Amino acid sequence: MDFRTLLGLLVLTLTLGLLAPAAARDLERETASLLYEPDEVVTAMRTPEPALESPAIMTVLTREQIRALGVRTLPELLEFVPGFVPQRSVAGDWWPGPRGLLDSNRNFMVMVDGLSINNQFLSSPYWTYDLLDLSRFSRIEIMRGPGSALYGATAFLAVINCLTDPHPAVDGTLRTTIGTFNTRGIGLDRVFQAGRTRFDLRLSGSSSDGQSRFVPRDLYGNAGLTHDGFTKRDLLLKVSDPRGWTFLAHHVEGHREGYLGYSDNLNDQTFFRRSNDLFSLRYQRNLADGGELSATVFHNRFSDSEEAQIFPPGYTDPAGVLFPSGARGLSLSRDAATSVSLHWQAPRSRRHRWSAGAEVTAIDLAESAVHASLAFPTDPSRLAFLPGAYPPPERASNRSFTLQDDIDLGQTTRLVIGARQDHHSQYGHAFSPRVGLIHRWSARWTGKLLYGCAFRNPSFFERNSNPTLAPEHINTWETQLVGELANGWLTKVNLFSNRLTDRIESTVTTEACVNVDQTRFDGLELEVRKRFRASQELFANVSTVRRRQITRPEAIFPLLPHNKLNFGYSCRVAGFDTTIWGNFTSKWNRNVADPRPPLPGFRQIHLTVQKTGFPGLGDRVLLRVRNLLNRSFAYPPGVPGTLSLDDYPQPGREMSLEFSWDL
């Protein structure tokens with residue numbers, strides 16, 4: 001679909017919307033408000049508790065708020081959240097950069113209904129978390145700071161919990177999307193009931209040709225067009241029974257071309273295929289004494305393949321070997337984690353409320369191999385196994401025990417003390433404590449003082465390059481002040497200080513990963529929100545990070561911008577709900593291997609317009625315009641000196657229309 005066609009359809013849509021009567025939806029408007037926050041969260045303690053008094057730094061966004069922001073993926077959502085500066089790697093994968101630390105995706109955890117979807121090959125949600133369809137989640141809870149005291153390894157700097165609706169209404173929705181770059185999408189949500197059992201089925205799929213870019217000269221001197229096309233599918237089935245049983249099945253898969261500029265090759269012969277399958281069965285019982293008991297069986301399976309053109313036709317390697325038809329490679333990995341867990345929460349007894357949990361996990365790297373045609377210069381279709389390029393298949397296990405006490409120190413003060421003990425079959429014991437002190441200073445102000453430790457074991461991939469790697473550890477102090485300034489200005493102020501030891505610095509495949517002795521950094525996150533009238537809101541947040549010490553400079557990855565500003569405005573006019581917001585960062589510093597001046601920071605403006613009650617076109621229509629004022633923008637390179645020093649451009653202005661009908 002070209003720009004003129006989409007613009008004409010937009011004008012027609014807005015005209016019909018002005019003629020249609022505005023629907024009364026005060027409740028929906030309130031939950032879509034970017035000032036609204038749910039009363040309860042579950043990620044900070046594993047059980048529902050007051051959001052304001054949770055022992056963690058939390059950001060919670062509802063389905064309606066995510067829709068109002070116009071974001072489609074988790075990386076786009078993290079652009080809005082304080083403390084994250086998402087960057088796209090040379091391979092086109094999103095790295096979230098939580099709190100100033102950029103090292104692929106191995107320092108945070110993504111969960112669906114409290115179940116981790118991190119893969120085992122890289123110990124991260126790398127390659128699949130950006131494929132999730134956010135419309136299927138009732139809310140997303142983002143916990144910044146260490147989470148190992150509850151969730152173990154890889155809950156290092158952040159935990160992102162995507163929560164489905166616990167009590168979905170029996171109804172349905174059909175959605176279609178069209179947009180620039182030949183973007184197309186369709187989705188179906190349907191909830192039905194059979195007896196006392198409720199079935200929640202959600203299907204979606206989307207594809208795009210992506211932005212075309214003319215490359216005047218790639219790594220091998222060739223010129224031509226490269227694209228950023230993709231296809232992805234998402235399936236979720238949740239079966240719940242009032243007797244306490246819940247079954248969840250979730251499948252997500254993505255196929256895409258080699259990213260623009262990847263290895264400075266045109267990459268019309270490079271394709272990525274990734275998929276993730278999650279299955280769980282949970283039983284929860286409320287005990288007669290007011291306690292709670294739950295048991296969960298969980299299986300998460302990940303699969304990845306990368307088919308790539310290593311050399312173009314006519315290439316001669318440094319040894320003088322000619323590849324007249326080029327060379328090709330195929331990388332494969334497949335892993336799984338299966339766990340059984342128990343969680344018990346006691347009733348409150350005087351000042352104390354104890355909870356305990358235990359978990360046993362079996363880890364299986366079932367397949368891991370790289371094949372290439374390097375041994376057959378005249379036949380790129382003949383692939384041979386490359387020993388040592390990927391780790392060999394192997395198995396591991398982990399056992400853990402968690403204990404927490406929620407102590408009531410009075411009507412206005414609460415103390416949470418907890419710890420988790422992990423024992424990994426390869427890395428031994430790890431102890432992760434945490435302490436949270438929460439105090440209500442007044443009816444308008446609440447303060448938190450938090451301390452926590454987290455760890456991350458080396459992944460299979462990292463350990464293959466350096467078997468002597470030690471686990472990473474982090475100690476974090478955090479404080480938060482939440483309240484209301486004069487005239488209704490809602491405010492959150494967060495201060496944090498991190499000390500990392502044995503940080504693992506990732507490098508390219510042919511070089512060993514290394515432990516960096518120590519890294520210290522601290523930062524500030526400030527959020528303000530204000531409702532001027534019932535239909536007008538202003539919101540903003542600022543993040544800044546100061547690196548105080550690093551034992552060894554980052555020689556591979558570029559330094560993140562240390563400052564980020566988001567601000568936006570939303571209103572309702574003539575029945576149209578409109579949100580416009582921007583994401584701005586300071587300059588992008590090059591890394592030590594790149595002598596060029598810093599790149600300009602992000603300058604992104606996004607626009608979302610929603611309308612309910614269109615005659616014939618749909619029950620709801622949503623217009624998304626990303627990068628409203630940009631035609632394109634760039635990120636710094638990922639591996640200078642090994643690949644080329646290119647500034648990898650991202651898609652510029654993107655427009656899409658989503659139509660939805662109630663079934």
# chains A, B, ... in the order shown; residues from 1 in each chain; ligands from 1
>>> select_by_dssp(residues="stretch 272-395 of chain A", states="strand (DSSP E or B)", output="compact mmCIF listing (two decimals) with N, CA and C atoms, in the first residue's frame")
# COMPACT_ATOMS: atom_id res chain seq x y z
N PHE A 272 16.28 -15.60 8.89
CA PHE A 272 16.21 -16.03 10.28
C PHE A 272 14.85 -16.66 10.54
N ARG A 273 14.83 -17.77 11.27
CA ARG A 273 13.58 -18.42 11.66
C ARG A 273 13.68 -18.78 13.14
N ARG A 274 12.74 -18.25 13.94
CA ARG A 274 12.75 -18.50 15.38
C ARG A 274 11.36 -18.86 15.86
N SER A 275 11.27 -19.71 16.86
CA SER A 275 9.98 -20.07 17.43
C SER A 275 10.14 -20.40 18.90
N ASN A 276 9.06 -20.19 19.66
CA ASN A 276 9.06 -20.50 21.09
C ASN A 276 7.71 -21.10 21.46
N ASP A 277 7.75 -22.20 22.21
CA ASP A 277 6.53 -22.88 22.67
C ASP A 277 6.56 -22.97 24.19
N LEU A 278 5.48 -22.56 24.79
CA LEU A 278 5.34 -22.59 26.24
C LEU A 278 4.10 -23.38 26.61
N PHE A 279 4.23 -24.31 27.56
CA PHE A 279 3.10 -25.08 28.07
C PHE A 279 3.18 -25.10 29.59
N SER A 280 2.05 -24.89 30.24
CA SER A 280 2.04 -24.95 31.70
C SER A 280 0.69 -25.44 32.20
N LEU A 281 0.74 -26.11 33.33
CA LEU A 281 -0.46 -26.55 34.05
C LEU A 281 -0.28 -26.12 35.49
N ARG A 282 -1.24 -25.34 35.98
CA ARG A 282 -1.12 -24.77 37.32
C ARG A 282 -2.37 -25.10 38.13
N TYR A 283 -2.13 -25.44 39.39
CA TYR A 283 -3.23 -25.66 40.33
C TYR A 283 -3.05 -24.73 41.51
N GLN A 284 -4.08 -23.98 41.82
CA GLN A 284 -4.03 -23.04 42.93
C GLN A 284 -5.21 -23.30 43.87
N ARG A 285 -4.91 -23.31 45.17
CA ARG A 285 -5.95 -23.58 46.16
C ARG A 285 -5.84 -22.57 47.29
N ASN A 286 -6.96 -21.94 47.60
CA ASN A 286 -7.04 -21.05 48.75
C ASN A 286 -7.38 -21.88 49.98
N GLU A 292 -2.45 -19.78 50.97
CA GLU A 292 -2.59 -20.11 49.55
C GLU A 292 -1.51 -21.11 49.17
N LEU A 293 -1.88 -22.08 48.35
CA LEU A 293 -0.95 -23.11 47.88
C LEU A 293 -1.11 -23.26 46.38
N SER A 294 0.01 -23.30 45.65
CA SER A 294 -0.05 -23.49 44.20
C SER A 294 1.07 -24.40 43.76
N ALA A 295 0.81 -25.15 42.69
CA ALA A 295 1.79 -26.04 42.07
C ALA A 295 1.74 -25.83 40.57
N THR A 296 2.91 -25.82 39.92
CA THR A 296 2.99 -25.54 38.49
C THR A 296 3.96 -26.51 37.83
N VAL A 297 3.54 -27.06 36.70
CA VAL A 297 4.41 -27.82 35.81
C VAL A 297 4.56 -27.00 34.54
N PHE A 298 5.79 -26.81 34.09
CA PHE A 298 6.06 -25.82 33.05
C PHE A 298 7.10 -26.38 32.07
N HIS A 299 6.88 -26.14 30.78
CA HIS A 299 7.84 -26.54 29.75
C HIS A 299 7.96 -25.40 28.74
N ASN A 300 9.19 -24.98 28.47
CA ASN A 300 9.46 -23.93 27.49
C ASN A 300 10.48 -24.44 26.48
N ARG A 301 10.15 -24.34 25.19
CA ARG A 301 10.99 -24.89 24.12
C ARG A 301 11.28 -23.80 23.10
N PHE A 302 12.54 -23.72 22.69
CA PHE A 302 12.98 -22.68 21.76
C PHE A 302 13.72 -23.31 20.59
N SER A 303 13.51 -22.76 19.39
CA SER A 303 14.18 -23.26 18.19
C SER A 303 14.63 -22.07 17.35
N ASP A 304 15.84 -22.18 16.78
CA ASP A 304 16.39 -21.10 15.96
C ASP A 304 17.17 -21.67 14.79
N SER A 305 17.04 -21.03 13.64
CA SER A 305 17.89 -21.36 12.50
C SER A 305 18.22 -20.08 11.75
N GLU A 306 19.45 -19.99 11.28
CA GLU A 306 19.91 -18.84 10.51
C GLU A 306 20.61 -19.36 9.26
N GLU A 307 20.03 -19.02 8.13
CA GLU A 307 20.62 -19.39 6.84
C GLU A 307 21.22 -18.13 6.23
N ALA A 308 22.52 -18.15 5.95
CA ALA A 308 23.20 -16.92 5.57
C ALA A 308 24.14 -17.12 4.40
N GLN A 309 24.30 -16.05 3.64
CA GLN A 309 25.35 -15.99 2.63
C GLN A 309 26.60 -15.48 3.31
N ILE A 310 27.62 -16.34 3.41
CA ILE A 310 28.86 -15.94 4.08
C ILE A 310 29.74 -15.12 3.15
N PHE A 311 29.93 -15.60 1.91
CA PHE A 311 30.70 -14.88 0.90
C PHE A 311 29.84 -14.73 -0.34
N TYR A 315 34.12 -14.21 -4.60
CA TYR A 315 34.96 -13.77 -3.48
C TYR A 315 36.20 -14.64 -3.37
N THR A 316 37.35 -14.01 -3.07
CA THR A 316 38.60 -14.71 -2.82
C THR A 316 39.02 -14.44 -1.38
N LEU A 322 39.27 -19.14 -4.22
CA LEU A 322 38.19 -18.47 -4.94
C LEU A 322 36.87 -19.20 -4.71
N PHE A 323 35.83 -18.44 -4.42
CA PHE A 323 34.47 -18.97 -4.27
C PHE A 323 33.62 -18.41 -5.41
N ALA A 327 29.69 -18.57 -0.78
CA ALA A 327 29.66 -19.58 0.29
C ALA A 327 28.45 -19.33 1.17
N ARG A 328 27.91 -20.42 1.72
CA ARG A 328 26.71 -20.32 2.54
C ARG A 328 26.94 -21.02 3.88
N GLY A 329 26.10 -20.64 4.87
CA GLY A 329 26.18 -21.25 6.18
C GLY A 329 24.80 -21.45 6.78
N LEU A 330 24.69 -22.39 7.70
CA LEU A 330 23.44 -22.68 8.39
C LEU A 330 23.74 -22.92 9.86
N SER A 331 23.13 -22.10 10.73
CA SER A 331 23.30 -22.23 12.18
C SER A 331 21.98 -22.71 12.78
N LEU A 332 22.07 -23.69 13.69
CA LEU A 332 20.88 -24.28 14.30
C LEU A 332 21.06 -24.37 15.80
N SER A 333 19.98 -24.11 16.54
CA SER A 333 19.98 -24.39 17.98
C SER A 333 18.56 -24.71 18.41
N ARG A 334 18.45 -25.61 19.36
CA ARG A 334 17.14 -26.03 19.89
C ARG A 334 17.34 -26.41 21.35
N ASP A 335 16.57 -25.79 22.24
CA ASP A 335 16.74 -26.06 23.66
C ASP A 335 15.39 -26.07 24.35
N ALA A 336 15.39 -26.54 25.60
CA ALA A 336 14.14 -26.63 26.38
C ALA A 336 14.47 -26.57 27.86
N ALA A 337 13.48 -26.10 28.62
CA ALA A 337 13.55 -26.12 30.08
C ALA A 337 12.23 -26.66 30.61
N THR A 338 12.29 -27.61 31.51
CA THR A 338 11.11 -28.21 32.13
C THR A 338 11.25 -28.08 33.63
N SER A 339 10.20 -27.57 34.29
CA SER A 339 10.32 -27.35 35.72
C SER A 339 9.03 -27.72 36.44
N VAL A 340 9.19 -28.05 37.71
CA VAL A 340 8.08 -28.29 38.63
C VAL A 340 8.31 -27.38 39.83
N SER A 341 7.30 -26.61 40.20
CA SER A 341 7.47 -25.67 41.30
C SER A 341 6.27 -25.71 42.24
N LEU A 342 6.54 -25.38 43.50
CA LEU A 342 5.52 -25.27 44.54
C LEU A 342 5.68 -23.92 45.21
N HIS A 343 4.54 -23.29 45.53
CA HIS A 343 4.58 -22.01 46.25
C HIS A 343 3.50 -22.02 47.32
N TRP A 344 3.90 -21.62 48.51
CA TRP A 344 2.97 -21.58 49.65
C TRP A 344 3.06 -20.22 50.32
N GLN A 345 1.90 -19.65 50.59
CA GLN A 345 1.84 -18.39 51.33
C GLN A 345 0.97 -18.60 52.56
N SER A 349 -0.04 -13.77 60.44
CA SER A 349 -0.07 -14.10 61.86
C SER A 349 0.61 -12.98 62.62
N HIS A 352 3.56 -11.01 60.90
CA HIS A 352 4.31 -11.71 59.86
C HIS A 352 3.37 -12.40 58.87
N ARG A 353 3.85 -12.46 57.62
CA ARG A 353 3.23 -13.32 56.63
C ARG A 353 4.34 -13.99 55.84
N TRP A 354 4.51 -15.28 56.09
CA TRP A 354 5.58 -16.04 55.48
C TRP A 354 5.14 -16.62 54.14
N SER A 355 6.10 -16.78 53.25
CA SER A 355 5.87 -17.50 51.99
C SER A 355 7.13 -18.27 51.65
N ALA A 356 6.94 -19.39 50.99
CA ALA A 356 8.08 -20.25 50.63
C ALA A 356 7.80 -20.90 49.28
N GLY A 357 8.86 -21.20 48.57
CA GLY A 357 8.73 -21.84 47.27
C GLY A 357 9.92 -22.74 46.98
N ALA A 358 9.69 -23.73 46.14
CA ALA A 358 10.75 -24.64 45.71
C ALA A 358 10.54 -24.96 44.24
N GLU A 359 11.64 -25.14 43.52
CA GLU A 359 11.56 -25.40 42.08
C GLU A 359 12.70 -26.30 41.65
N VAL A 360 12.39 -27.24 40.77
CA VAL A 360 13.39 -28.11 40.16
C VAL A 360 13.26 -27.95 38.65
N THR A 361 14.38 -27.68 37.97
CA THR A 361 14.38 -27.40 36.54
C THR A 361 15.38 -28.29 35.83
N ALA A 362 14.95 -28.91 34.74
CA ALA A 362 15.83 -29.68 33.86
C ALA A 362 16.07 -28.87 32.58
N ILE A 363 17.33 -28.68 32.22
CA ILE A 363 17.72 -27.86 31.08
C ILE A 363 18.34 -28.75 30.02
N ASP A 364 17.90 -28.60 28.78
CA ASP A 364 18.36 -29.49 27.71
C ASP A 364 18.71 -28.67 26.48
N LEU A 365 19.99 -28.63 26.14
CA LEU A 365 20.43 -28.09 24.85
C LEU A 365 20.42 -29.25 23.87
N ALA A 366 19.29 -29.43 23.18
CA ALA A 366 19.08 -30.63 22.38
C ALA A 366 19.85 -30.60 21.06
N GLU A 367 20.00 -29.42 20.47
CA GLU A 367 20.69 -29.32 19.18
C GLU A 367 21.43 -28.00 19.12
N SER A 368 22.65 -28.04 18.61
CA SER A 368 23.47 -26.83 18.51
C SER A 368 24.59 -27.11 17.52
N ALA A 369 24.53 -26.47 16.36
CA ALA A 369 25.52 -26.78 15.32
C ALA A 369 25.58 -25.66 14.30
N VAL A 370 26.74 -25.54 13.65
CA VAL A 370 26.95 -24.62 12.54
C VAL A 370 27.48 -25.43 11.37
N HIS A 371 26.86 -25.28 10.21
CA HIS A 371 27.29 -25.94 8.98
C HIS A 371 27.61 -24.86 7.94
N ALA A 372 28.62 -25.11 7.11
CA ALA A 372 29.02 -24.13 6.10
C ALA A 372 29.63 -24.85 4.90
N ALA A 384 29.10 -28.55 5.46
CA ALA A 384 29.80 -29.46 6.36
C ALA A 384 29.80 -28.87 7.77
N PHE A 385 29.75 -29.75 8.75
CA PHE A 385 29.73 -29.35 10.15
C PHE A 385 31.03 -28.65 10.53
N GLU A 394 24.07 -30.70 25.39
CA GLU A 394 24.33 -31.14 26.76
C GLU A 394 23.13 -30.83 27.64
N ARG A 395 23.16 -31.33 28.87
CA ARG A 395 22.06 -31.15 29.80
C ARG A 395 22.59 -30.58 31.12
>>> residues_around(residues="A:Leu157", least_positions_apart="3", cutoff="9 Å", atoms="only C-alpha atoms", output="number ranges by chain")
A: 98-99, 101, 107-109, 143-147, 154, 454, 474
>>> write_last_selection(atoms="C-alpha atoms", output="PDB file, in the first residue's frame")
ATOM      1  CA  PRO A  98      18.290  -1.457  30.935  1.00  0.00           C
ATOM      2  CA  ARG A  99      19.783   1.214  33.170  1.00  0.00           C
ATOM      3  CA  LEU A 101      24.083  -1.587  30.470  1.00  0.00           C
ATOM      4  CA  ASN A 107      20.507  -9.213  31.631  1.00  0.00           C
ATOM      5  CA  PHE A 108      16.717  -9.334  31.942  1.00  0.00           C
ATOM      6  CA  MET A 109      13.865 -11.837  32.019  1.00  0.00           C
ATOM      7  CA  MET A 143      10.094  -4.481  37.488  1.00  0.00           C
ATOM      8  CA  ARG A 144      13.384  -2.602  37.267  1.00  0.00           C
ATOM      9  CA  GLY A 145      16.197  -3.803  39.470  1.00  0.00           C
ATOM     10  CA  PRO A 146      17.414  -7.256  40.559  1.00  0.00           C
ATOM     11  CA  GLY A 147      14.854 -10.074  40.639  1.00  0.00           C
ATOM     12  CA  THR A 154      18.899 -13.934  34.397  1.00  0.00           C
ATOM     13  CA  ALA A 454      21.112 -10.913  41.469  1.00  0.00           C
ATOM     14  CA  ILE A 474      25.091  -7.384  40.933  1.00  0.00           C
TER      15      ILE A 474
END
>>> residues_around(residues="A:Ala470", least_positions_apart="2", cutoff="8 Å", atoms="only C-alpha atoms", output="ChimeraX atom specification")
/A:457-458,468,472,502,515
>>> write_last_selection(atoms="C-alpha atoms", output="PDB file, in the first residue's frame")
ATOM      1  CA  ASN A 457      25.221 -17.869  34.954  1.00  0.00           C
ATOM      2  CA  PRO A 458      27.178 -17.970  31.674  1.00  0.00           C
ATOM      3  CA  THR A 468      36.506 -20.566  32.646  1.00  0.00           C
ATOM      4  CA  GLU A 472      27.929 -12.342  36.936  1.00  0.00           C
ATOM      5  CA  ASP A 502      32.556 -10.421  36.901  1.00  0.00           C
ATOM      6  CA  ASN A 515      34.775 -11.440  32.809  1.00  0.00           C
TER       7      ASN A 515
END
>>> select_by_dssp(residues="stretch 409-520 of chain A", states="helix (DSSP H, G or I)", output="count of residues only")
9
>>> closest_residue(among="A:Ala149, A:Leu115, A:Ala169, A:Leu52", to="A:Gly452", atoms="only C-alpha atoms")
A:Ala149
>>> closest_residue(among="A:Gly185, A:Tyr126, A:Tyr151, A:Ser206", to="A:Pro433", atoms="only C-alpha atoms")
A:Tyr151
>>> atom_distance(atom1="atom CA of A:Arg67", atom2="atom CA of A:Gly187")
14.5 Å
>>> atom_distance(atom1="atom CA of A:Val621", atom2="atom CA of A:Ser204")
17.3 Å
>>> residues_around(residues="A:Glu141", least_positions_apart="6", cutoff="12 Å", atoms="only C-alpha atoms", output="JSON, numbers by chain")
{"A": [37, 38, 40, 41, 42, 43, 44, 46, 51, 54, 56, 57, 58, 59, 60, 61, 62, 63, 66, 74, 77, 78, 81, 109, 110, 111, 112, 113, 114, 158, 159, 160, 161, 162, 163, 164]}
>>> write_last_selection(atoms="N, CA and C atoms", output="mmCIF file, in the first residue's frame")
data_model
loop_
_atom_site.group_PDB
_atom_site.id
_atom_site.type_symbol
_atom_site.label_atom_id
_atom_site.label_comp_id
_atom_site.auth_asym_id
_atom_site.auth_seq_id
_atom_site.Cartn_x
_atom_site.Cartn_y
_atom_site.Cartn_z
ATOM 1 N N GLU A 37 -3.180 3.602 37.078
ATOM 2 C CA GLU A 37 -2.350 2.483 37.502
ATOM 3 C C GLU A 37 -3.222 1.470 38.223
ATOM 4 N N PRO A 38 -3.055 0.179 37.941
ATOM 5 C CA PRO A 38 -3.852 -0.841 38.633
ATOM 6 C C PRO A 38 -3.613 -0.800 40.138
ATOM 7 N N GLU A 40 -3.367 -3.401 42.052
ATOM 8 C CA GLU A 40 -2.544 -4.517 42.496
ATOM 9 C C GLU A 40 -1.515 -4.899 41.440
ATOM 10 N N VAL A 41 -0.394 -5.454 41.901
ATOM 11 C CA VAL A 41 0.617 -6.052 41.035
ATOM 12 C C VAL A 41 0.953 -7.430 41.602
ATOM 13 N N VAL A 42 1.503 -8.299 40.754
ATOM 14 C CA VAL A 42 1.843 -9.653 41.206
ATOM 15 C C VAL A 42 3.332 -9.958 41.077
ATOM 16 N N THR A 43 4.056 -9.225 40.236
ATOM 17 C CA THR A 43 5.440 -9.580 39.934
ATOM 18 C C THR A 43 6.375 -9.363 41.117
ATOM 19 N N ALA A 44 6.118 -8.349 41.938
ATOM 20 C CA ALA A 44 7.043 -7.996 43.014
ATOM 21 C C ALA A 44 7.074 -9.024 44.133
ATOM 22 N N ARG A 46 5.076 -12.304 43.671
ATOM 23 C CA ARG A 46 4.467 -13.511 43.100
ATOM 24 C C ARG A 46 2.977 -13.632 43.418
ATOM 25 N N ALA A 51 -0.122 -2.033 44.601
ATOM 26 C CA ALA A 51 0.954 -1.578 43.725
ATOM 27 C C ALA A 51 1.801 -0.501 44.384
ATOM 28 N N SER A 54 4.406 -2.069 46.850
ATOM 29 C CA SER A 54 5.188 -3.230 46.433
ATOM 30 C C SER A 54 6.673 -2.974 46.682
ATOM 31 N N ALA A 56 9.390 -3.037 45.145
ATOM 32 C CA ALA A 56 10.116 -3.014 43.874
ATOM 33 C C ALA A 56 9.793 -1.715 43.150
ATOM 34 N N ILE A 57 10.643 -1.359 42.188
ATOM 35 C CA ILE A 57 10.389 -0.219 41.310
ATOM 36 C C ILE A 57 9.598 -0.748 40.123
ATOM 37 N N MET A 58 8.325 -0.370 40.024
ATOM 38 C CA MET A 58 7.412 -0.977 39.067
ATOM 39 C C MET A 58 6.876 0.054 38.081
ATOM 40 N N THR A 59 6.693 -0.391 36.847
ATOM 41 C CA THR A 59 5.902 0.317 35.844
ATOM 42 C C THR A 59 4.876 -0.666 35.313
ATOM 43 N N VAL A 60 3.604 -0.293 35.338
ATOM 44 C CA VAL A 60 2.523 -1.167 34.899
ATOM 45 C C VAL A 60 1.747 -0.464 33.797
ATOM 46 N N LEU A 61 1.560 -1.160 32.683
ATOM 47 C CA LEU A 61 0.815 -0.613 31.552
ATOM 48 C C LEU A 61 -0.290 -1.584 31.172
ATOM 49 N N THR A 62 -1.516 -1.086 31.092
ATOM 50 C CA THR A 62 -2.661 -1.912 30.740
ATOM 51 C C THR A 62 -2.768 -2.054 29.228
ATOM 52 N N ARG A 63 -3.618 -2.980 28.796
ATOM 53 C CA ARG A 63 -3.849 -3.179 27.368
ATOM 54 C C ARG A 63 -4.322 -1.879 26.718
ATOM 55 N N ILE A 66 -1.364 0.569 26.382
ATOM 56 C CA ILE A 66 -0.465 0.143 25.308
ATOM 57 C C ILE A 66 -1.062 0.506 23.958
ATOM 58 N N LEU A 74 7.365 -5.362 22.452
ATOM 59 C CA LEU A 74 7.986 -5.020 23.729
ATOM 60 C C LEU A 74 9.120 -3.999 23.579
ATOM 61 N N LEU A 77 7.579 -0.688 23.409
ATOM 62 C CA LEU A 77 7.036 -0.305 24.709
ATOM 63 C C LEU A 77 8.142 0.176 25.643
ATOM 64 N N LEU A 78 9.304 -0.474 25.589
ATOM 65 C CA LEU A 78 10.406 -0.095 26.470
ATOM 66 C C LEU A 78 10.984 1.270 26.112
ATOM 67 N N VAL A 81 9.291 3.381 28.640
ATOM 68 C CA VAL A 81 9.506 3.085 30.057
ATOM 69 C C VAL A 81 10.819 3.709 30.521
ATOM 70 N N MET A 109 14.733 -10.679 32.196
ATOM 71 C CA MET A 109 13.865 -11.837 32.019
ATOM 72 C C MET A 109 12.505 -11.377 31.520
ATOM 73 N N VAL A 110 11.957 -12.120 30.552
ATOM 74 C CA VAL A 110 10.595 -11.884 30.062
ATOM 75 C C VAL A 110 9.749 -13.094 30.421
ATOM 76 N N MET A 111 8.563 -12.840 30.974
ATOM 77 C CA MET A 111 7.688 -13.917 31.406
ATOM 78 C C MET A 111 6.293 -13.731 30.813
ATOM 79 N N VAL A 112 5.581 -14.833 30.677
ATOM 80 C CA VAL A 112 4.159 -14.843 30.349
ATOM 81 C C VAL A 112 3.445 -15.502 31.519
ATOM 82 N N ASP A 113 2.608 -14.741 32.190
ATOM 83 C CA ASP A 113 1.910 -15.222 33.393
ATOM 84 C C ASP A 113 2.877 -15.810 34.418
ATOM 85 N N GLY A 114 4.003 -15.123 34.612
ATOM 86 C CA GLY A 114 4.967 -15.544 35.617
ATOM 87 C C GLY A 114 5.879 -16.675 35.209
ATOM 88 N N ALA A 158 16.184 -6.471 35.204
ATOM 89 C CA ALA A 158 14.761 -6.183 35.021
ATOM 90 C C ALA A 158 14.004 -7.487 34.822
ATOM 91 N N VAL A 159 12.718 -7.459 35.180
ATOM 92 C CA VAL A 159 11.793 -8.561 34.938
ATOM 93 C C VAL A 159 10.554 -7.972 34.275
ATOM 94 N N ILE A 160 10.176 -8.528 33.125
ATOM 95 C CA ILE A 160 9.004 -8.063 32.381
ATOM 96 C C ILE A 160 7.991 -9.195 32.373
ATOM 97 N N ASN A 161 6.854 -8.971 33.013
ATOM 98 C CA ASN A 161 5.837 -10.004 33.178
ATOM 99 C C ASN A 161 4.607 -9.625 32.361
ATOM 100 N N CYS A 162 4.330 -10.396 31.305
ATOM 101 C CA CYS A 162 3.177 -10.164 30.429
ATOM 102 C C CYS A 162 2.020 -11.023 30.935
ATOM 103 N N LEU A 163 0.964 -10.382 31.412
ATOM 104 C CA LEU A 163 -0.105 -11.080 32.117
ATOM 105 C C LEU A 163 -1.370 -11.142 31.274
ATOM 106 N N THR A 164 -1.908 -12.336 31.129
ATOM 107 C CA THR A 164 -3.193 -12.499 30.458
ATOM 108 C C THR A 164 -4.314 -12.141 31.426
#
>>> residues_around(residues="A:Trp489", least_positions_apart="5", cutoff="8 Å", atoms="only C-alpha atoms", output="list in words")
Glu484, Val528, Arg529, Lys530 and Arg531 of chain A
>>> write_last_selection(atoms="N, CA and C atoms", output="PDB file, in the first residue's frame")
ATOM      1  N   GLU A 484       2.014  12.981  45.244  1.00  0.00           N
ATOM      2  CA  GLU A 484       1.322  13.994  44.459  1.00  0.00           C
ATOM      3  C   GLU A 484       1.811  15.371  44.880  1.00  0.00           C
ATOM      4  N   VAL A 528       6.534  12.265  35.875  1.00  0.00           N
ATOM      5  CA  VAL A 528       5.485  13.207  36.274  1.00  0.00           C
ATOM      6  C   VAL A 528       4.303  13.040  35.336  1.00  0.00           C
ATOM      7  N   ARG A 529       3.098  13.188  35.897  1.00  0.00           N
ATOM      8  CA  ARG A 529       1.872  13.076  35.113  1.00  0.00           C
ATOM      9  C   ARG A 529       0.843  14.041  35.680  1.00  0.00           C
ATOM     10  N   LYS A 530       0.025  14.572  34.794  1.00  0.00           N
ATOM     11  CA  LYS A 530      -0.950  15.569  35.222  1.00  0.00           C
ATOM     12  C   LYS A 530      -2.186  15.483  34.344  1.00  0.00           C
ATOM     13  N   ARG A 531      -3.359  15.468  34.975  1.00  0.00           N
ATOM     14  CA  ARG A 531      -4.626  15.560  34.250  1.00  0.00           C
ATOM     15  C   ARG A 531      -5.155  16.976  34.425  1.00  0.00           C
TER      16      ARG A 531
END
>>> closest_residue(among="A:Asp234, A:Gly568, A:His439, A:Leu524", to="A:Gly582", atoms="only C-alpha atoms")
A:Gly568
>>> residues_around(residues="stretch 413-416 of chain A", least_positions_apart="6", cutoff="10 Å", atoms="only C-alpha atoms", output="list in words")
Met45, Glu53, Ser54, Pro55, Arg351, His352, Arg353, Trp354, Gln404, Asp405, Asp406, Ile407, Arg434, Val435, Gly436, Leu437, Ile438, His439, Arg440, Trp441, Thr446, Gly447, Lys448, Leu449 and Leu450 of chain A
